[in-house]
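Student: Sharing entry_12.txt here; it has compact mmCIF, C-alpha atoms.
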```
# COMPACT_ATOMS: atom_id res chain seq x y z
CA MET H 1 93.89 110.53 89.02
CA THR H 2 90.69 110.61 90.96
CA ILE H 3 89.50 113.34 93.29
CA LEU H 4 89.84 112.15 96.86
CA LYS H 5 86.77 112.02 99.01
CA GLN H 6 86.33 111.21 102.67
CA LYS H 7 84.56 107.97 101.89
CA ARG H 8 84.93 104.42 103.12
CA MET H 9 84.36 101.27 101.12
CA HIS H 10 81.24 99.40 102.22
CA LYS H 11 81.40 95.67 102.98
CA ARG H 12 79.32 94.83 99.91
CA GLN H 13 81.65 96.80 97.64
CA MET H 14 84.68 95.13 99.21
CA LEU H 15 83.18 91.67 98.77
CA ILE H 16 82.41 92.39 95.11
CA CYS H 17 85.97 93.62 94.53
CA LEU H 18 87.43 90.57 96.28
CA ALA H 19 85.17 88.28 94.23
CA VAL H 20 86.32 89.92 90.98
CA LEU H 21 89.96 89.67 92.07
CA ALA H 22 89.49 85.99 93.00
CA MET H 23 87.82 85.26 89.67
CA LEU H 24 90.59 87.01 87.70
CA SER H 25 93.26 85.19 89.73
CA TRP H 26 91.54 81.83 89.14
CA MET H 27 91.26 82.47 85.40
CA THR H 28 94.89 83.60 85.24
CA PHE H 29 96.27 80.56 87.06
CA HIS H 30 93.90 78.22 85.22
CA ILE H 31 95.39 79.42 81.93
CA LEU H 32 98.97 79.39 83.20
CA PHE H 33 98.77 75.91 84.72
CA LYS H 34 97.50 74.41 81.45
CA ASP H 35 101.12 74.21 80.33
CA HIS H 36 102.75 73.78 83.74
CA SER H 37 102.42 71.09 86.39
CA PRO H 38 101.75 72.15 90.02
CA GLU H 39 103.86 69.18 91.15
CA ALA H 40 106.82 70.36 89.05
CA LEU H 41 106.42 73.88 90.42
CA TYR H 42 106.39 72.53 93.99
CA GLU H 43 109.56 70.57 93.28
CA VAL H 44 111.30 73.72 92.00
CA PHE H 45 110.16 75.73 95.02
CA SER H 46 111.32 73.01 97.42
CA ARG H 47 114.88 73.54 96.16
CA ALA H 48 114.70 77.35 96.50
CA ASP H 49 117.25 79.23 98.58
CA TRP H 50 115.01 80.89 101.16
CA ARG H 51 117.67 83.43 102.07
CA PHE H 52 117.02 85.16 98.76
CA VAL H 53 113.27 84.80 99.25
CA GLY H 54 113.81 86.65 102.52
CA LEU H 55 115.61 89.42 100.65
CA GLY H 56 112.63 89.68 98.31
CA VAL H 57 110.32 90.03 101.31
CA ALA H 58 112.71 92.66 102.70
CA CYS H 59 112.27 94.60 99.45
CA MET H 60 108.52 94.74 100.09
CA ALA H 61 109.27 95.99 103.60
CA VAL H 62 111.40 98.78 102.08
CA TYR H 63 108.56 99.55 99.67
CA LEU H 64 106.14 99.94 102.58
CA ILE H 65 108.55 101.92 104.77
CA CYS H 66 109.28 104.39 101.95
CA GLU H 67 105.59 105.10 101.43
CA ALA H 68 105.00 105.46 105.17
CA GLU H 69 107.94 107.87 105.50
CA SER H 70 106.71 109.86 102.49
CA ILE H 71 103.33 110.37 104.18
CA ARG H 72 105.08 111.48 107.37
CA THR H 73 107.29 113.88 105.40
CA LEU H 74 104.38 115.49 103.54
CA MET H 75 102.25 115.81 106.66
CA GLY H 76 105.29 117.23 108.45
CA ALA H 77 105.24 120.16 106.00
CA PHE H 78 101.99 121.16 107.77
CA GLN H 79 103.65 120.79 111.20
CA THR H 80 101.65 117.60 111.76
CA LYS H 81 103.37 114.53 113.18
CA VAL H 82 102.10 111.12 112.12
CA PRO H 83 103.43 108.20 114.21
CA PHE H 84 105.38 105.77 112.03
CA LEU H 85 103.31 102.68 112.88
CA ARG H 86 100.09 104.50 112.04
CA SER H 87 101.59 105.78 108.78
CA ALA H 88 102.63 102.20 107.99
CA GLY H 89 99.01 101.17 108.61
CA TYR H 90 97.85 103.72 106.03
CA SER H 91 100.41 102.28 103.57
CA PHE H 92 99.10 98.76 104.15
CA ALA H 93 95.55 100.03 103.51
CA ASP H 94 96.70 101.69 100.29
CA PHE H 95 98.21 98.46 99.00
CA TYR H 96 95.22 96.33 99.98
CA PHE H 97 92.47 98.52 98.55
CA SER H 98 94.54 99.42 95.46
CA ALA H 99 95.03 95.70 94.81
CA ILE H 100 91.34 94.82 94.92
CA THR H 101 89.96 97.76 92.92
CA PRO H 102 90.27 98.51 89.16
CA SER H 103 93.17 100.82 88.26
CA ALA H 104 94.06 101.01 91.98
CA THR H 105 91.27 103.57 92.54
CA GLY H 106 90.36 102.39 96.05
CA GLY H 107 93.65 102.90 97.86
CA GLN H 108 93.81 106.67 98.34
CA PRO H 109 90.15 107.25 99.31
CA MET H 110 90.48 104.59 102.01
CA GLN H 111 93.76 106.08 103.22
CA LEU H 112 92.02 109.44 103.45
CA TYR H 113 89.13 107.87 105.35
CA TYR H 114 91.45 106.34 107.96
CA MET H 115 93.57 109.50 108.29
CA THR H 116 90.58 111.79 108.87
CA ARG H 117 89.01 109.21 111.18
CA ASP H 118 92.18 109.37 113.27
CA GLY H 119 91.94 113.14 113.64
CA PHE H 120 94.23 114.37 110.88
CA GLY H 121 92.95 117.32 108.86
CA PHE H 122 91.11 116.57 105.62
CA ALA H 123 92.89 119.27 103.59
CA GLN H 124 96.39 118.29 104.75
CA SER H 125 95.72 114.56 104.36
CA SER H 126 94.14 115.00 100.92
CA PHE H 127 97.03 117.13 99.69
CA SER H 128 99.63 114.69 101.04
CA LEU H 129 98.02 111.67 99.39
CA LEU H 130 97.44 113.43 96.08
CA THR H 131 101.02 114.65 96.03
CA LEU H 132 102.37 111.20 96.87
CA ALA H 133 100.29 109.64 94.09
CA ALA H 134 101.42 112.31 91.61
CA VAL H 135 105.10 111.78 92.43
CA TYR H 136 104.67 107.99 92.22
CA GLN H 137 103.00 108.26 88.83
CA LEU H 138 105.66 110.63 87.56
CA MET H 139 108.49 108.38 88.79
CA VAL H 140 106.92 105.28 87.16
CA LEU H 141 106.87 107.24 83.90
CA VAL H 142 110.44 108.56 84.21
CA TYR H 143 111.85 105.24 85.40
CA GLY H 144 110.07 103.35 82.63
CA VAL H 145 110.88 105.76 79.79
CA VAL H 146 114.57 105.87 80.75
CA MET H 147 114.74 102.08 80.69
CA VAL H 148 112.85 101.93 77.39
CA ILE H 149 115.50 104.24 75.89
CA VAL H 150 118.41 102.32 77.43
CA LYS H 151 116.93 98.97 76.35
CA TYR H 152 115.39 100.12 73.08
CA PRO H 153 116.65 97.13 71.00
CA TYR H 154 115.11 94.80 73.61
CA VAL H 155 111.79 96.67 73.46
CA GLN H 156 111.85 96.54 69.67
CA SER H 157 112.20 92.77 69.82
CA GLN H 158 108.93 92.43 71.77
CA GLY H 159 105.59 91.56 70.22
CA ARG H 160 102.85 93.97 69.24
CA LEU H 161 100.89 93.49 72.50
CA ILE H 162 103.76 94.67 74.72
CA LYS H 163 104.43 97.62 72.44
CA TRP H 164 100.77 98.70 72.54
CA LEU H 165 100.66 98.32 76.33
CA LEU H 166 103.80 100.44 76.61
CA LEU H 167 102.37 103.15 74.38
CA PHE H 168 99.14 103.11 76.38
CA GLY H 169 101.03 103.30 79.68
CA ILE H 170 103.25 106.14 78.47
CA ALA H 171 100.24 108.04 77.13
CA VAL H 172 98.15 107.68 80.30
CA ASN H 173 100.99 108.41 82.73
CA GLY H 174 102.36 111.15 80.48
CA ILE H 175 99.03 112.99 80.17
CA CYS H 176 98.36 112.72 83.92
CA SER H 177 101.89 113.82 84.86
CA LEU H 178 101.84 116.70 82.38
CA GLY H 179 98.45 117.80 83.67
CA ILE H 180 99.69 117.77 87.26
CA LEU H 181 102.80 119.80 86.39
CA LEU H 182 100.76 122.30 84.42
CA VAL H 183 98.34 122.75 87.31
CA ILE H 184 101.26 123.42 89.65
CA LEU H 185 103.06 125.78 87.25
CA LYS H 186 100.33 127.21 84.95
CA ARG H 187 96.98 127.06 86.72
CA ALA H 188 95.18 129.56 84.46
CA LEU H 189 96.14 127.62 81.31
CA VAL H 190 94.91 124.34 82.79
CA GLU H 191 91.59 125.92 83.83
CA ARG H 192 90.98 127.10 80.25
CA ILE H 193 91.91 123.69 78.81
CA ALA H 194 89.67 121.92 81.34
CA MET H 195 86.69 124.15 80.55
CA ILE H 196 87.18 123.62 76.81
CA GLY H 197 87.39 119.86 77.34
CA ILE H 198 84.21 119.86 79.45
CA THR H 199 82.39 121.94 76.81
CA ILE H 200 83.36 119.46 74.08
CA ALA H 201 82.36 116.49 76.26
CA VAL H 202 78.97 118.09 76.96
CA LYS H 203 78.34 118.68 73.25
CA LEU H 204 79.28 115.05 72.53
CA ARG H 205 76.94 114.01 75.37
CA ILE H 206 79.77 112.28 77.20
CA ILE H 207 79.07 114.48 80.24
CA LYS H 208 75.50 115.19 81.31
CA ASP H 209 75.97 117.33 84.41
CA ARG H 210 78.24 120.18 83.32
CA LYS H 211 78.20 122.07 86.63
CA LYS H 212 79.08 118.99 88.63
CA MET H 213 82.04 118.23 86.38
CA GLU H 214 83.21 121.85 86.53
CA ARG H 215 83.12 121.74 90.34
CA LYS H 216 85.16 118.52 90.33
CA ALA H 217 87.72 120.02 87.95
CA GLU H 218 88.03 123.20 90.03
CA HIS H 219 88.44 121.15 93.21
CA LEU H 220 91.21 119.02 91.70
CA ILE H 221 92.99 122.08 90.29
CA ASP H 222 92.78 123.76 93.70
CA GLU H 223 94.33 120.72 95.37
CA TYR H 224 97.34 120.62 93.06
CA SER H 225 97.75 124.40 93.07
CA ARG H 226 98.10 124.31 96.84
CA GLY H 227 100.60 121.50 96.35
CA GLY H 228 102.65 123.70 94.02
CA GLU H 229 102.70 126.47 96.61
CA CYS H 230 103.85 124.00 99.26
CA PHE H 231 106.65 122.70 97.04
CA ARG H 232 107.86 126.22 96.33
CA LYS H 233 107.85 126.94 100.06
CA TYR H 234 109.42 123.61 101.11
CA PRO H 235 111.48 122.36 98.13
CA LEU H 236 113.41 119.84 100.25
CA VAL H 237 110.13 118.08 101.08
CA PHE H 238 109.55 117.47 97.37
CA VAL H 239 113.15 116.28 96.87
CA LYS H 240 112.89 113.86 99.80
CA VAL H 241 109.60 112.40 98.53
CA VAL H 242 111.08 111.94 95.04
CA ILE H 243 114.11 110.11 96.51
CA LEU H 244 111.89 107.92 98.70
CA THR H 245 109.65 107.09 95.73
CA ALA H 246 112.64 106.18 93.55
CA LEU H 247 113.91 103.90 96.33
CA ARG H 248 110.40 102.47 96.74
CA LEU H 249 110.19 101.55 93.06
CA THR H 250 113.73 100.19 92.98
CA ALA H 251 112.95 97.86 95.89
CA LEU H 252 109.81 96.65 94.11
CA PHE H 253 111.65 96.12 90.83
CA MET H 254 114.41 94.08 92.52
CA ILE H 255 112.08 91.30 93.68
CA PRO H 256 112.28 89.25 90.42
CA TYR H 257 116.08 89.40 90.70
CA PHE H 258 116.00 87.81 94.16
CA ALA H 259 113.38 85.32 92.96
CA CYS H 260 115.78 84.35 90.19
CA LEU H 261 118.66 83.94 92.66
CA ALA H 262 116.43 81.94 95.01
CA LEU H 263 115.63 79.46 92.25
CA GLY H 264 119.25 79.34 91.02
CA ILE H 265 118.38 80.34 87.47
CA GLY H 266 119.99 82.87 85.14
CA ASP H 267 123.23 84.78 85.48
CA LEU H 268 122.05 88.32 84.75
CA GLY H 269 122.91 91.32 86.90
CA PRO H 270 120.40 93.36 88.91
CA PHE H 271 120.32 96.19 86.34
CA GLU H 272 118.78 93.90 83.73
CA PHE H 273 115.94 93.06 86.10
CA LEU H 274 115.47 96.70 87.09
CA ALA H 275 115.14 97.59 83.41
CA VAL H 276 112.66 94.84 82.57
CA GLN H 277 110.54 95.53 85.66
CA ALA H 278 110.45 99.27 84.99
CA ILE H 279 109.25 98.56 81.45
CA LEU H 280 106.74 95.99 82.74
CA SER H 281 105.37 98.39 85.37
CA LEU H 282 104.93 101.14 82.78
CA ALA H 283 103.16 98.71 80.46
CA VAL H 284 100.57 97.41 82.96
CA THR H 285 100.12 100.37 85.32
CA ALA H 286 97.18 101.79 83.35
CA VAL H 287 95.38 98.47 82.77
CA PRO H 288 91.94 98.80 84.48
CA LEU H 289 92.01 95.47 86.34
CA PRO H 290 92.31 94.85 90.11
CA GLY H 291 96.02 94.51 90.83
CA SER H 292 96.57 94.30 87.06
CA VAL H 293 95.89 90.58 87.56
CA GLY H 294 96.28 88.70 84.30
CA ALA H 295 98.00 91.58 82.54
CA SER H 296 100.97 91.50 84.95
CA GLU H 297 101.41 87.73 84.76
CA GLY H 298 101.01 87.62 80.98
CA SER H 299 103.35 90.55 80.38
CA PHE H 300 105.88 89.07 82.82
CA MET H 301 105.94 85.80 80.86
CA LEU H 302 106.38 87.65 77.57
CA LEU H 303 109.06 90.11 78.69
CA TYR H 304 111.20 87.64 80.61
CA SER H 305 111.05 84.93 77.94
CA GLY H 306 113.93 86.73 76.21
CA VAL H 307 115.89 87.25 79.43
CA VAL H 308 115.91 83.81 81.12
CA ALA H 309 115.39 80.30 79.76
CA ALA H 310 111.77 79.66 78.75
CA GLY H 311 111.34 76.81 81.25
CA ASN H 312 112.41 79.03 84.14
CA VAL H 313 110.12 82.00 83.49
CA PHE H 314 106.99 80.48 85.01
CA PRO H 315 108.42 79.49 88.43
CA MET H 316 110.26 82.82 88.64
CA MET H 317 107.04 84.69 87.87
CA MET H 318 105.08 82.69 90.46
CA LEU H 319 107.63 83.33 93.19
CA SER H 320 108.06 86.99 92.28
CA ARG H 321 104.33 87.73 92.14
CA GLY H 322 103.80 85.63 95.25
CA ILE H 323 106.13 87.95 97.16
CA SER H 324 105.22 91.30 95.60
CA PHE H 325 101.46 90.85 95.21
CA TYR H 326 99.62 87.77 96.45
CA GLY H 327 101.58 87.25 99.66
CA PHE H 328 101.70 90.95 100.47
CA LEU H 329 97.98 91.22 99.71
CA ALA H 330 97.30 88.75 102.53
CA VAL H 331 99.62 90.61 104.91
CA SER H 332 98.17 94.01 104.01
CA GLY H 333 94.64 92.64 104.40
CA ALA H 334 95.44 91.50 107.96
CA ALA H 335 97.12 94.85 108.73
CA THR H 336 94.12 96.75 107.34
CA LEU H 337 91.79 94.70 109.51
CA LEU H 338 93.89 95.71 112.52
CA LEU H 339 93.82 99.35 111.39
CA GLN H 340 90.03 99.17 111.17
CA PHE H 341 89.80 98.57 114.93
CA TRP H 342 92.91 100.53 115.94
CA LYS H 343 91.49 104.02 116.14
CA ALA H 344 93.32 107.14 117.24
CA GLY H 345 91.68 110.42 117.99
CA TYR H 346 94.58 112.76 118.06
CA THR H 347 96.83 114.92 115.92
CA LYS H 348 100.30 115.78 117.18
CA GLU H 349 102.10 118.91 116.10
CA TYR H 350 105.75 119.70 116.12
CA THR H 351 106.88 122.07 118.80
```
Just give me the structure as structure tokens.
Tutor:
Amino acid sequence: MTILKQKRMHKRQMLICLAVLAMLSWMTFHILFKDHSPEALYEVFSRADWRFVGLGVACMAVYLICEAESIRTLMGAFQTKVPFLRSAGYSFADFYFSAITPSATGGQPMQLYYMTRDGFGFAQSSFSLLTLAAVYQLMVLVYGVVMVIVKYPYVQSQGRLIKWLLLFGIAVNGICSLGILLVILKRALVERIAMIGITIAVKLRIIKDRKKMERKAEHLIDEYSRGGECFRKYPLVFVKVVILTALRLTALFMIPYFACLALGIGDLGPFEFLAVQAILSLAVTAVPLPGSVGASEGSFMLLYSGVVAAGNVFPMMMLSRGISFYGFLAVSGAATLLLQFWKAGYTKEYT
């Protein structure tokens, strides 16, 4: 989890990120299409039932709406009203900049930039976005771990790569989630642990500027401590955000199911797809690549090869990722461009 700053991404940085994303996408599809014909894929897609494709697109709409409503809910705890369309714009910006930056590090800073530009307070906006990210990360971990337990024989049947990715994802999300909870519940303990960690890093020459790192750690701890106070004061806000985030992830995880129905392949129920997608998301969420491009496609092919017939995995993956990532990336890019010129200089409060 990075410390949020009121900082926008410069055009040069954006172009570099887009170039890296394009290169990774080209390499990924170049490798995938070595064993698959574009003509055969087009033939499969031409027979697709577009009603189910529409349901997959609707899932992405639910995903966006849940994030937008979560932002409105958290800002509402500070008696600040965010119009829904503007909150949706911030959600589009989050998806777009998260998709084009490694480990999704660009989404929240750009959301914060747009929110403060539009007149919303820095402290309230920063807290809301950090809290939303923390809940999302925690829910990815919980959702994934529960499905790993439920589907343990299936996980055991996977190759070494998937198992290592899962362990890495559980470790990264687990450490971050535990750290956030400790900051909220046991601030003094976290401060001591952070100072010890910084001291060790300085001695190992991993960190050169000790004071700068200490200031960053104190700032981050302060942010989450205030979040803990807010949750204790408004517990229903936290419950609502958790429910919205669970619904948000469920909608995202259902897209491969509708892709499968659209292509008329497989006879598995929605729970099987929820389980596989939760495991897949946990496995690739910590991979430091823009949009997890390459890792997501490769892991998808590996995990679903034991769920649907081998010849059907590739078209299902292409349709699913086309809806949940590549297609939505284009839509979110257009929406972010609109947000860039659609400025608002007001902050409404509840009366």
Student: How many Å lie between CA of Ala201 (chain H) and CA of Lys216 (chain H), rounded to one decimal?
Tutor: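 Result for CA of Ala201 (chain H) versus CA of Lys216 (chain H): 14.5 Å, one decimal.
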Student: Using CA of Leu161 (chain H) and CA of Gln277 (chain H) as the two end points, give the distance in Å to one decimal.
Tutor: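 Atom-to-atom, CA of Leu161 (chain H) and CA of Gln277 (chain H) are spaced 16.4 Å apart.
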Student: (106.4, 109.7, 86.1) in this file's frame - what residues fall within 12 Å of it? Use all atoms listed in the file and give the answer as an mmCIF file with C-alpha atoms, keeping the file's coordinate frame.
Tutor:
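Written out: point24.cif:
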```cif
data_model
loop_
_atom_site.group_PDB
_atom_site.id
_atom_site.type_symbol
_atom_site.label_atom_id
_atom_site.label_comp_id
_atom_site.auth_asym_id
_atom_site.auth_seq_id
_atom_site.Cartn_x
_atom_site.Cartn_y
_atom_site.Cartn_z
ATOM 1 C CA LEU H 132 102.370 111.200 96.870
ATOM 2 C CA ALA H 133 100.290 109.640 94.090
ATOM 3 C CA ALA H 134 101.420 112.310 91.610
ATOM 4 C CA VAL H 135 105.100 111.780 92.430
ATOM 5 C CA TYR H 136 104.670 107.990 92.220
ATOM 6 C CA GLN H 137 103.000 108.260 88.830
ATOM 7 C CA LEU H 138 105.660 110.630 87.560
ATOM 8 C CA MET H 139 108.490 108.380 88.790
ATOM 9 C CA VAL H 140 106.920 105.280 87.160
ATOM 10 C CA LEU H 141 106.870 107.240 83.900
ATOM 11 C CA VAL H 142 110.440 108.560 84.210
ATOM 12 C CA TYR H 143 111.850 105.240 85.400
ATOM 13 C CA GLY H 144 110.070 103.350 82.630
ATOM 14 C CA VAL H 145 110.880 105.760 79.790
ATOM 15 C CA VAL H 146 114.570 105.870 80.750
ATOM 16 C CA GLY H 169 101.030 103.300 79.680
ATOM 17 C CA ILE H 170 103.250 106.140 78.470
ATOM 18 C CA ALA H 171 100.240 108.040 77.130
ATOM 19 C CA VAL H 172 98.150 107.680 80.300
ATOM 20 C CA ASN H 173 100.990 108.410 82.730
ATOM 21 C CA GLY H 174 102.360 111.150 80.480
ATOM 22 C CA ILE H 175 99.030 112.990 80.170
ATOM 23 C CA CYS H 176 98.360 112.720 83.920
ATOM 24 C CA SER H 177 101.890 113.820 84.860
ATOM 25 C CA LEU H 178 101.840 116.700 82.380
ATOM 26 C CA GLY H 179 98.450 117.800 83.670
ATOM 27 C CA ILE H 180 99.690 117.770 87.260
ATOM 28 C CA LEU H 181 102.800 119.800 86.390
ATOM 29 C CA VAL H 242 111.080 111.940 95.040
ATOM 30 C CA THR H 245 109.650 107.090 95.730
ATOM 31 C CA ALA H 246 112.640 106.180 93.550
ATOM 32 C CA LEU H 249 110.190 101.550 93.060
ATOM 33 C CA ALA H 278 110.450 99.270 84.990
ATOM 34 C CA SER H 281 105.370 98.390 85.370
ATOM 35 C CA LEU H 282 104.930 101.140 82.780
ATOM 36 C CA THR H 285 100.120 100.370 85.320
#
```
Student: Calculated over only C-alpha atoms, which of the candidates H:Ile65, H:Ala283, H:Leu338, H:Ala48 has the smallest distance to Lys163 (chain H)?
Tutor: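 For Lys163 (chain H), the nearest of the candidates is H:Ala283.
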Student: Using all atoms listed in the file, find the one residue out of H:Val308, H:Arg248, H:Val241, H:Arg160 that sits nearest to Gly269 (chain H).
Tutor: H:Val308
Student: So, with only C-alpha atoms as the atoms that count, which of H:Ala93, H:Ile198, H:Met147, H:Ala217 lies closest to Val276 (chain H)?
Tutor: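 Between H:Ala93, H:Ile198, H:Met147, H:Ala217, the residue approaching Val276 (chain H) most closely is H:Met147.
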Student: Could you jot down the CA of Val44 (chain H) to CA of Ala99 (chain H) separation for me, Å, one decimal place?
Tutor: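 So the answer is 27.5 Å.
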Student: Calculated over all atoms listed in the file, which of the candidates H:Arg187, H:Cys260, H:Phe325, H:Phe314 has the smallest distance to Leu55 (chain H)?
Tutor: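 With all atoms listed in the file as the atom set, the closest residue is H:Cys260.
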Student: Out of H:Glu272, H:Leu261, H:Gln111, H:Phe238, which residue has the shortest atom-to-atom distance to Gly54 (chain H) when counting all atoms listed in the file?
Tutor: H:Leu261
Student: Would you please work out which residue, of H:Ala77, H:Leu274, H:Ser70, H:Ile206, is nearest to Lys233 (chain H) when using only C-alpha atoms?
Tutor: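 Closest residue, counting only C-alpha atoms: H:Ala77.
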Student: Need the shell around Leu74 (chain H): protein/DNA/RNA residues with any atom at most 12 Å away, counting all atoms listed in the file. Skip same-chain ones fewer than 5 positions apart. Format as a short mmCIF file (atom, residue, chain, number, x, y, z; two decimals) with C-alpha atoms, in the frame of the given file?
Tutor:
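Now in selection-v4.cif:
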```cif
data_model
loop_
_atom_site.label_atom_id
_atom_site.label_comp_id
_atom_site.auth_asym_id
_atom_site.auth_seq_id
_atom_site.Cartn_x
_atom_site.Cartn_y
_atom_site.Cartn_z
CA GLU H 67 105.59 105.10 101.43
CA ALA H 68 105.00 105.46 105.17
CA GLU H 69 107.94 107.87 105.50
CA GLN H 79 103.65 120.79 111.20
CA THR H 80 101.65 117.60 111.76
CA LYS H 81 103.37 114.53 113.18
CA VAL H 82 102.10 111.12 112.12
CA SER H 87 101.59 105.78 108.78
CA GLN H 124 96.39 118.29 104.75
CA SER H 125 95.72 114.56 104.36
CA SER H 126 94.14 115.00 100.92
CA PHE H 127 97.03 117.13 99.69
CA SER H 128 99.63 114.69 101.04
CA LEU H 129 98.02 111.67 99.39
CA LEU H 130 97.44 113.43 96.08
CA THR H 131 101.02 114.65 96.03
CA LEU H 132 102.37 111.20 96.87
CA ALA H 133 100.29 109.64 94.09
CA VAL H 135 105.10 111.78 92.43
CA GLY H 227 100.60 121.50 96.35
CA CYS H 230 103.85 124.00 99.26
CA PHE H 231 106.65 122.70 97.04
CA TYR H 234 109.42 123.61 101.11
CA PRO H 235 111.48 122.36 98.13
CA LEU H 236 113.41 119.84 100.25
CA VAL H 237 110.13 118.08 101.08
CA PHE H 238 109.55 117.47 97.37
CA VAL H 239 113.15 116.28 96.87
CA LYS H 240 112.89 113.86 99.80
CA VAL H 241 109.60 112.40 98.53
CA VAL H 242 111.08 111.94 95.04
CA LEU H 244 111.89 107.92 98.70
#
```
Student: Identify, on the basis of only C-alpha atoms, every residue whose closest approach to Ala194 (chain H) does not exceed 12 Å; exclude the query and any residue fewer than 3 positions from it along the same chain; express the result as a list in words.
Tutor: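 Everything that qualifies: Gly179, Leu182, Val183, Arg187, Ala188, Leu189, Val190, Glu191, Gly197, Ile198, Thr199, Ile200, Ala201, Arg210, Met213, Glu214, Arg215, Lys216, Ala217, Glu218, His219, Leu220 and Ile221 of chain H.
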Student: Could you add the missing atoms to region 207-220 of chain H, up to N, CA, C and O atoms, and return them as a PDB file, in the frame of the given file?
Tutor:
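Saved as part01.pdb:
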```
ATOM      1  N   ILE H 207      79.362 113.949  78.894  1.00  0.00           N
ATOM      2  CA  ILE H 207      79.070 114.480  80.240  1.00  0.00           C
ATOM      3  C   ILE H 207      77.664 115.070  80.224  1.00  0.00           C
ATOM      4  O   ILE H 207      77.321 115.858  79.344  1.00  0.00           O
ATOM      5  N   LYS H 208      76.869 114.674  81.220  1.00  0.00           N
ATOM      6  CA  LYS H 208      75.500 115.190  81.310  1.00  0.00           C
ATOM      7  C   LYS H 208      75.389 116.375  82.258  1.00  0.00           C
ATOM      8  O   LYS H 208      74.709 117.342  81.965  1.00  0.00           O
ATOM      9  N   ASP H 209      76.059 116.284  83.398  1.00  0.00           N
ATOM     10  CA  ASP H 209      75.970 117.330  84.410  1.00  0.00           C
ATOM     11  C   ASP H 209      77.206 118.221  84.315  1.00  0.00           C
ATOM     12  O   ASP H 209      78.253 117.927  84.907  1.00  0.00           O
ATOM     13  N   ARG H 210      77.096 119.304  83.555  1.00  0.00           N
ATOM     14  CA  ARG H 210      78.240 120.180  83.320  1.00  0.00           C
ATOM     15  C   ARG H 210      78.734 120.830  84.609  1.00  0.00           C
ATOM     16  O   ARG H 210      79.941 120.884  84.878  1.00  0.00           O
ATOM     17  N   LYS H 211      77.817 121.360  85.421  1.00  0.00           N
ATOM     18  CA  LYS H 211      78.200 122.070  86.630  1.00  0.00           C
ATOM     19  C   LYS H 211      78.932 121.160  87.617  1.00  0.00           C
ATOM     20  O   LYS H 211      79.899 121.563  88.263  1.00  0.00           O
ATOM     21  N   LYS H 212      78.439 119.935  87.726  1.00  0.00           N
ATOM     22  CA  LYS H 212      79.080 118.990  88.630  1.00  0.00           C
ATOM     23  C   LYS H 212      80.511 118.698  88.196  1.00  0.00           C
ATOM     24  O   LYS H 212      81.431 118.652  89.021  1.00  0.00           O
ATOM     25  N   MET H 213      80.709 118.510  86.886  1.00  0.00           N
ATOM     26  CA  MET H 213      82.040 118.230  86.380  1.00  0.00           C
ATOM     27  C   MET H 213      82.962 119.441  86.541  1.00  0.00           C
ATOM     28  O   MET H 213      84.149 119.306  86.847  1.00  0.00           O
ATOM     29  N   GLU H 214      82.417 120.642  86.349  1.00  0.00           N
ATOM     30  CA  GLU H 214      83.210 121.850  86.530  1.00  0.00           C
ATOM     31  C   GLU H 214      83.654 121.995  87.984  1.00  0.00           C
ATOM     32  O   GLU H 214      84.790 122.404  88.255  1.00  0.00           O
ATOM     33  N   ARG H 215      82.756 121.670  88.924  1.00  0.00           N
ATOM     34  CA  ARG H 215      83.120 121.740  90.340  1.00  0.00           C
ATOM     35  C   ARG H 215      84.234 120.745  90.668  1.00  0.00           C
ATOM     36  O   ARG H 215      85.170 121.053  91.414  1.00  0.00           O
ATOM     37  N   LYS H 216      84.124 119.531  90.099  1.00  0.00           N
ATOM     38  CA  LYS H 216      85.160 118.520  90.330  1.00  0.00           C
ATOM     39  C   LYS H 216      86.506 118.984  89.774  1.00  0.00           C
ATOM     40  O   LYS H 216      87.547 118.820  90.424  1.00  0.00           O
ATOM     41  N   ALA H 217      86.489 119.545  88.568  1.00  0.00           N
ATOM     42  CA  ALA H 217      87.720 120.020  87.950  1.00  0.00           C
ATOM     43  C   ALA H 217      88.349 121.148  88.761  1.00  0.00           C
ATOM     44  O   ALA H 217      89.565 121.165  88.997  1.00  0.00           O
ATOM     45  N   GLU H 218      87.518 122.086  89.220  1.00  0.00           N
ATOM     46  CA  GLU H 218      88.030 123.200  90.030  1.00  0.00           C
ATOM     47  C   GLU H 218      88.611 122.703  91.343  1.00  0.00           C
ATOM     48  O   GLU H 218      89.650 123.200  91.804  1.00  0.00           O
ATOM     49  N   HIS H 219      87.950 121.707  91.943  1.00  0.00           N
ATOM     50  CA  HIS H 219      88.440 121.150  93.210  1.00  0.00           C
ATOM     51  C   HIS H 219      89.805 120.501  93.019  1.00  0.00           C
ATOM     52  O   HIS H 219      90.729 120.706  93.822  1.00  0.00           O
ATOM     53  N   LEU H 220      89.941 119.702  91.963  1.00  0.00           N
ATOM     54  CA  LEU H 220      91.210 119.020  91.700  1.00  0.00           C
ATOM     55  C   LEU H 220      92.312 120.030  91.395  1.00  0.00           C
ATOM     56  O   LEU H 220      93.442 119.903  91.879  1.00  0.00           O
TER      57      LEU H 220
END
```
